[in-house]
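Below you'll find the structure, written out as structure tokens, and then a few comments.
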Amino acid sequence: MIHQDFRSLTSQAQETIRLKAMAALKEGRSKTEVARIFGVTRQAVHGWITRQRAEGTRGLRARRRGRPLGGRLSPKEERKVCRLVTDHCPDQLKLPFYLWTREAVAHLIIQRFGVRLSVWTVGRMLARWGFTPQKPARRAFEQDDQAVRSWLTRKYPAIRALARREKALVFWADEMGLRSDHAAGRSFSPQGQTPVIPGTGQRFRCNLISAITNRGQLQFMVFKERFTVRVFLKFLRRLRRQNRRKIFLIIDSHPVHVAQAAWRWFRGCRAELRVYFLPGYSPELNPDEYLNQDVKTNAVGRTRPLDRKNMIGNVRAYLRSTQANRSLVKRYFHAEQVRYASV
């Protein structure tokens with residue numbers, strides 16, 4: 001017998017069939033026979049039996065059809081949820097989540113307003129509010145918000161004004177380590193079959209120190225040894241030789257940068273190079289971090305170096321092509337958090 005679409009029947013007709021099917025089972029008929037008589041599947045009959053055992057005859061009665069009534073938020077409540085999601089992390093609101101997912105927002109709505117919504121409803125609400133899933137930026141707990149505000153509103157504007165008066169170049173510098181096993185990007189493959197990219201099993205590394213300006217200048221040095229004061233000063237001497245104008249150098253408080261030997265050198269060349277320090281634990285304020293990420297992703301992560309010499313060659317080649325493209329270097333200053341340094 002061809003099974004009819006049980007969902008196309010009215011709620012009352014569905015209830016009648018369920019009750020008659022249970023009566024037939026009570027008379028001794030098998031599940032398969034009952035399913036054939038009433039034109040449904042054996043699995044449907046089994047489900048009715050389960051519901052009757054759990055809820056009695058009430059479990060077979062007609063129920064409201066359509067989308068479940070989970071309640072809804074008022075416009076004022078929606079605005080409050082938006083503010084909470086924007087201004088807080090889930091754990092700050094005593095929710096058992098680390099990131100704002102649809103489930104986390106649904107729990108927040110239950111916690112604050114007692115309204116239970118499905119994750120699909122929450123997803124549609126988030127889309128309507130203009131929220132999209134994004135990779136979060138990491139920020140250190142130790143960051144001093146007041147120091148960051150002072151840097152953005154007072155210290156850097158003063159540095160910029162002084163640089164203009166003295167016709168100095170403002171360089172933003174940073175250093176990083178590069179490893180051969182760094183991977184970036186994705187590769188298409190049949191579902192369930194993780195793509196395998198052959199490469200050397202050896203691990204090797206090199207280091208990079210670079211400095212950029214918002215006018216598109218890029219200076220860099222790739223080196224094998226550990227980052228020390230000697231290496232740092234070697235780069236700064238090269239930076240001075242390659243730029244005849246006075247240099248204002250903005251860096252973080254790395255131990256090498258604040259070492260006594262570095263400070264003695266700074267004092268000896270203050271007329272030609274002046275150093276300023278970013279607020280602590282605030283790498284997102286340094287545009288050179290975006291160059292670092294670019295190099296990691298495209299010069300290392302998307303290649304397969306055979307040895308350290310090959311990796312260093314790839315990194316230098318990529319940096320030289322970037323160095324020749326000033327408009328590309330300027331784009332590192334377009335990110336929202338470093339846009340303040342673009343002028």
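Ligands are numbered from 1 in the order shown, chains are lettered A, B, ... in the order of the structure tokens, and residues start at 1 in each chain.
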Legend entry - Residues within 10 Å of range 284-292 of chain A, only C-alpha atoms, excluding chain neighbours under 2 positions, as a ChimeraX atom specification: /A:137-139,148,151-152,171-178,208-214,218,250-252,278-279,281-282,294-297,319,322,328-342
Go ahead and write the selection's residues with C-alpha atoms as a short mmCIF file (atom, residue, chain, number, x, y, z; two decimals), in the first residue's frame.
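What landed in again13.cif:
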data_model
loop_
_atom_site.label_atom_id
_atom_site.label_comp_id
_atom_site.auth_asym_id
_atom_site.auth_seq_id
_atom_site.Cartn_x
_atom_site.Cartn_y
_atom_site.Cartn_z
CA ALA A 137 40.81 39.80 17.80
CA ARG A 138 42.70 38.87 20.95
CA ARG A 139 43.28 41.57 23.58
CA VAL A 148 45.39 53.56 25.15
CA TRP A 151 47.94 57.51 23.30
CA LEU A 152 45.16 57.98 20.74
CA PHE A 171 58.37 54.74 11.31
CA TRP A 172 56.39 51.99 13.03
CA ALA A 173 58.61 48.99 13.78
CA ASP A 174 58.19 45.46 15.05
CA GLU A 175 59.87 42.06 14.89
CA MET A 176 58.62 38.49 14.69
CA GLY A 177 59.76 34.89 14.30
CA LEU A 178 58.81 32.76 11.29
CA LEU A 208 62.25 39.45 10.74
CA ILE A 209 62.43 43.07 11.88
CA SER A 210 60.66 45.70 9.80
CA ALA A 211 59.57 49.33 9.86
CA ILE A 212 56.91 51.09 7.77
CA THR A 213 55.57 54.61 7.29
CA ASN A 214 52.12 55.78 6.26
CA LEU A 218 59.18 49.73 4.06
CA ILE A 250 57.43 54.01 17.35
CA ILE A 251 57.92 50.58 18.94
CA ASP A 252 56.58 48.43 21.78
CA LEU A 278 53.30 52.27 22.43
CA PRO A 279 51.06 51.51 25.45
CA TYR A 281 49.99 45.01 25.65
CA SER A 282 48.58 46.91 22.67
CA ASP A 294 50.75 39.37 5.61
CA VAL A 295 54.24 37.87 5.54
CA LYS A 296 53.25 34.91 7.74
CA THR A 297 50.25 34.13 5.56
CA LEU A 319 59.15 41.73 1.15
CA THR A 322 55.94 44.65 -1.17
CA LEU A 328 50.22 48.14 -0.72
CA VAL A 329 52.24 49.30 2.30
CA LYS A 330 49.83 52.20 2.79
CA ARG A 331 46.95 49.74 2.98
CA TYR A 332 48.36 48.34 6.23
CA PHE A 333 47.18 51.64 7.75
CA HIS A 334 43.60 51.20 6.54
CA ALA A 335 42.55 48.75 9.24
CA GLU A 336 40.13 50.31 11.69
CA GLN A 337 42.36 50.07 14.77
CA VAL A 338 45.37 51.72 13.09
CA ARG A 339 43.57 54.19 10.89
CA TYR A 340 44.54 56.93 13.35
CA ALA A 341 48.15 56.54 12.14
CA SER A 342 47.34 56.91 8.44
#
Inset, instruction - If you run DSSP over the backbone, which residues in range 33-123 of chain A end up helix (DSSP H, G or I)? Put them as number ranges by chain. - result: A: 33-38, 42-60, 75-87, 90-93, 102-113, 119-123
Mind writing the picked residues with C-alpha atoms as a compact mmCIF listing (two decimals), in the first residue's frame?
# COMPACT_ATOMS: atom_id res chain seq x y z
CA GLU A 33 -0.31 -4.78 9.95
CA VAL A 34 -1.54 -1.57 11.59
CA ALA A 35 0.82 0.52 9.46
CA ARG A 36 -0.51 -1.17 6.30
CA ILE A 37 -4.15 -0.67 7.30
CA PHE A 38 -3.81 3.05 8.03
CA ARG A 42 5.92 1.22 10.80
CA GLN A 43 8.23 3.85 12.36
CA ALA A 44 5.27 6.24 12.76
CA VAL A 45 3.29 3.55 14.61
CA HIS A 46 6.27 2.93 16.89
CA GLY A 47 6.46 6.65 17.63
CA TRP A 48 2.80 6.75 18.63
CA ILE A 49 3.33 3.84 21.01
CA THR A 50 6.23 5.69 22.62
CA ARG A 51 4.17 8.87 23.03
CA GLN A 52 1.25 6.94 24.55
CA ARG A 53 3.54 5.23 27.06
CA ALA A 54 5.07 8.57 28.07
CA GLU A 55 1.93 10.74 28.16
CA GLY A 56 -1.03 8.40 27.94
CA THR A 57 -3.91 9.15 25.60
CA ARG A 58 -3.04 12.86 25.86
CA GLY A 59 0.11 12.17 23.85
CA LEU A 60 -2.03 11.14 20.87
CA PRO A 75 12.18 46.54 20.49
CA LYS A 76 13.52 47.83 23.82
CA GLU A 77 14.63 44.33 24.83
CA GLU A 78 16.29 43.79 21.43
CA ARG A 79 18.28 47.02 21.86
CA LYS A 80 19.42 45.86 25.29
CA VAL A 81 20.59 42.50 23.91
CA CYS A 82 22.52 44.33 21.16
CA ARG A 83 24.30 46.48 23.74
CA LEU A 84 25.16 43.50 25.93
CA VAL A 85 26.58 41.49 23.03
CA THR A 86 28.55 44.48 21.74
CA ASP A 87 29.99 45.62 25.08
CA PRO A 90 29.70 35.95 27.50
CA ASP A 91 31.73 35.02 30.58
CA GLN A 92 31.43 38.60 31.87
CA LEU A 93 27.66 38.03 31.98
CA ARG A 102 23.72 31.79 18.50
CA GLU A 103 23.45 29.43 21.48
CA ALA A 104 25.14 31.99 23.75
CA VAL A 105 22.78 34.77 22.65
CA ALA A 106 19.79 32.44 23.15
CA HIS A 107 20.99 31.73 26.72
CA LEU A 108 21.41 35.46 27.32
CA ILE A 109 17.81 36.12 26.23
CA ILE A 110 16.54 33.38 28.57
CA GLN A 111 18.65 34.74 31.42
CA ARG A 112 17.51 38.35 31.03
CA PHE A 113 13.96 38.11 29.74
CA VAL A 119 19.03 29.09 17.47
CA TRP A 120 17.56 29.66 13.99
CA THR A 121 15.36 32.47 15.29
CA VAL A 122 18.35 33.97 17.11
CA GLY A 123 20.40 33.71 13.90
Legend entry - All strand (DSSP E) positions in range 211-272 of chain A, as a count of residues only: 13
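Closest approach to Arg164 in chain A among A:Gly114, A:Glu142, A:Phe248, A:Arg270: A:Phe248, based on only C-alpha atoms.
Among the candidates A:Val222, A:Ala261, A:Leu306, A:Leu95, the one nearest to Phe235 in chain A when counting only C-alpha atoms is A:Val222.
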Inset, instruction - In Å, rounded to a single decimal, give me how far CA of Leu73 in chain A is from CA of Met125 in chain A. - result: 10.1 Å
Legend entry - Contacts of Lys135 in chain A at 12 Å (only C-alpha atoms; same-chain gap of 5+ positions) as number ranges by chain: A: 99-101
Take the residues just selected and output them with C-alpha atoms as a PDB file, in the first residue's frame.
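Once written, part-v4.pdb looks like this:
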ATOM      1  CA  LEU A  99      32.411  33.443  22.229  1.00  0.00           C
ATOM      2  CA  TRP A 100      29.121  34.972  21.158  1.00  0.00           C
ATOM      3  CA  THR A 101      27.428  32.149  19.250  1.00  0.00           C
TER       4      THR A 101
END
